[in-house]
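This report refers to the structure that appears directly beneath it.
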Amino acid sequence: MSGMRRAWLSWAALWALLLPRVNAQEGILHASGNGIPPLTKDYCVRYNPSWVSLPNTLDNIASSSLENLTSKVFCSNSEVPSTLVIKDKAVVVMRGNCSFVDKARTAQSHGAKMLLIASKTGLSSPSGNKTDVQNVTIPVALVRYNDIMDMQQTLGARINVTLYSPSLPEFDYSMVVIFLIAVLTVALGGYWSGISELEDLKAVASPEDRETRRKKEENVTFTPLTVIIFVVICCAMLLLLYFFYKWLVYVIISVFCLASAMSLYNCLSALIRRISFGQCRISCCNKNIEVRLIFLAGFCIATAVVWAVFRNEDRWAWILQDILGVAFCLNFIKTLKMPNFKSCVILLGLLLLYDVFFVFITPFITKNGESIMIEVAAGPFGNSEKNDGNLVEGPAERSAPHEKLPVVIRVPRLEYSALALCGMPFSLLGFGDIIVPGLLVAYCRRFDIQTRSSSVYYVSCTIAYAVGMVLTFVVLALMKMGQPALLYLVPCTLLTSSLVAWRRKEMKKFWQGSSYQMMEHLDYTANEESTTTASEQSGEQ
């Protein structure tokens with residue numbers, strides 16, 4: 001792996017801190033035909049709960065006959081023909097030409113029971129002055145124009161509709177899946193880094209193994225100065241994405257495809273090489289290449305290409321993105337080495353400040369009052385999506401024309417709700433909340449090996465990471481708003497690691513790192529042994 005590719009990999013992973021959580025006022029339009037048995041279908045709508053509240057269930061709710069008036073906009077009473085009777089009916093009209101309040105007043109003055117506004121440009125919550133809507137008593141909601149057409153084709157000309165908004169579940173079990181993915185990835189990444197460290201130490205003691213190891217070495221070490229420079233670059237890239245999103249998003253997608261394919265190959269090849277059979281080789285360019293590794297490379301490239309082509313297919317593309325994302329995080333945690341605890345503290349501390357600043361401070365700076373990270377997460381057309389914090393539930397709006405950044409683990413919500421109907425939203429976890437604490441876990445694992453401390457640092461830090469994730473979910477459930485996970489992960493992991501080092505009276509060694517001293521000692525021992533052997537051979541001669 002070249003230095004340029006490693007730089008791209010480092011930037012793409014560490015930039016991806018947790019994205020914001022999406023809030024909206026979604027409801028369900030329950031439509032039924034007049035067949036026997038009647039066909040029914042649910043559609044997504046958006047409404048303003050400050051105007052009128054919707055029932056939570058369909059129990060004991062009378063439906064209304066739907067009157068399709070999408071050829072009109074209902075901006076004034078003159079648009080309603082005197083022969084048209086819409087009393088006690090649900091009326092659907094087109095969006096545009098006047099405010100939602102004007103349309104609602106017109107429909108209400110003619111006795112309509114419900115007003116649906118068909119939109120061809122996406123859904124947003126109806127808005128208006130609170131004083132103006134005081135006399136509006138009928139439900140008003142936005143619905144997609146394409147859904148109205150689908151409704152007529154599926155259910156027929158005579159349709160009855162009802163509006164309701166089921167309560168969100170107290171806890172979504174997709175969080176359990178995200179928790180397991182995050183903790184297992186951090187644990188496996190740290191363990192893999194420890195295996196690499198053990199191989200490095202063995203190679204130092206043997207001149208032949210040392211030369212072989214240097215040829216295969218792909219690790220990158222972050223010094224404190226490198227960490228600071230790297231965080232500055234991350235800030236610059238986030239600002240560039242804020243101003244040039246519609247171009248740079250494709251650069252991010254391309255980098256993710258390349259880096260994730262390489263990462264998936266590195267992860268799987270490490271497993272395949274441990275299998276003793278099937279080691280057929282072919283000669284190419286003066287090199288012997290295993291045939292199974294060629295097929296593996298083709299499989300990894302094909303996986304990345306398939307995801308890139310079908311990345312906006314919400315029903316199954318998230319599975320490929322998660323597989324590639326986990327491989328990406330594993331390879332990064334194994335490849336990037338923190339030389340000491342001091343570098344870990346600087347990295348985690350600066351990225352925590354980065355996270356908090358761009359989520360909570362930048363709204364006081366930007367003209368529209370939105371945070372820069374929220375704008376980047378939602379994309380250039382995501383202004384109608386309100387975001388808070390960093391743990392995300394993102395609606396995959398079918399009419400949204402913009403690309404989303406792929407630097408997240410995505411798991412669809414497992415509970416049925418209006419959110420699920422309005423585009424299968426996902427619970428999202430940014431790569432940064434796996435990779436950044438994972439680098440500390442990896443350092444703890446390597447320190448265990450260097451000091452032969454029976455994995456006490458590694459196990460303690462991994463458990464602390466799991467506790468931090470649980471704490472994030474608990475606060476999320478209690479406060480009903482998104483939380484920056486690093487706000488809990490960083491203190492849990494850093495404090496736990498420090499406490500273990502202090503309790504074992506190894507804080508100085510843990511802070512400064514022992515790898516360089518150990519390497520120098522082993523190099524010195526190896527040189528002494530070779531010098532002694534050469535002297536003995538010359539003496540015998």
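Labels for the structure tokens follow display order: chains A, B, ..., residues from 1 in each chain, ligands from 1.
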Inset, instruction - Enumerate the residues of range 256-468 of chain A with a DSSP assignment of alpha helix (DSSP H), computed from the backbone, and present them as a ChimeraX atom specification. - result: /A:256-272,291-309,317-335,341-356,372-378,418-421,432-451,456-468
Legend entry - Ile323 in chain A environment, 10 Å, only C-alpha atoms, sequence neighbours closer than 5 positions dropped, as a list in words: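 The filter keeps Ser260, Leu264, Thr303, Ala304, Trp318, Phe328 and Ile409 of chain A.
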Inset, instruction - Show which residues sit within 10 Å of Val177 in chain A, as a VMD selection string. Count only C-alpha atoms, and ignore same-chain residues fewer than 2 positions away. - result: chain A and resid 172 to 175 179 to 182 410 to 412 427
Legend entry - 9 Å contact set for range 265-276 of chain A, only C-alpha atoms, chain neighbours under 6 positions out, as a list in words: Arg292, Leu293, Leu296, Ala297, Phe299, Cys300, Ile301, Ala327, Phe328, Leu330 and Asn331 of chain A
Legend entry - Surrounding residues of range 95-101 of chain A excluding itself and chain neighbours under 5 positions, 6 Å, only C-alpha atoms, as a VMD selection string: chain A and resid 75 117 to 119
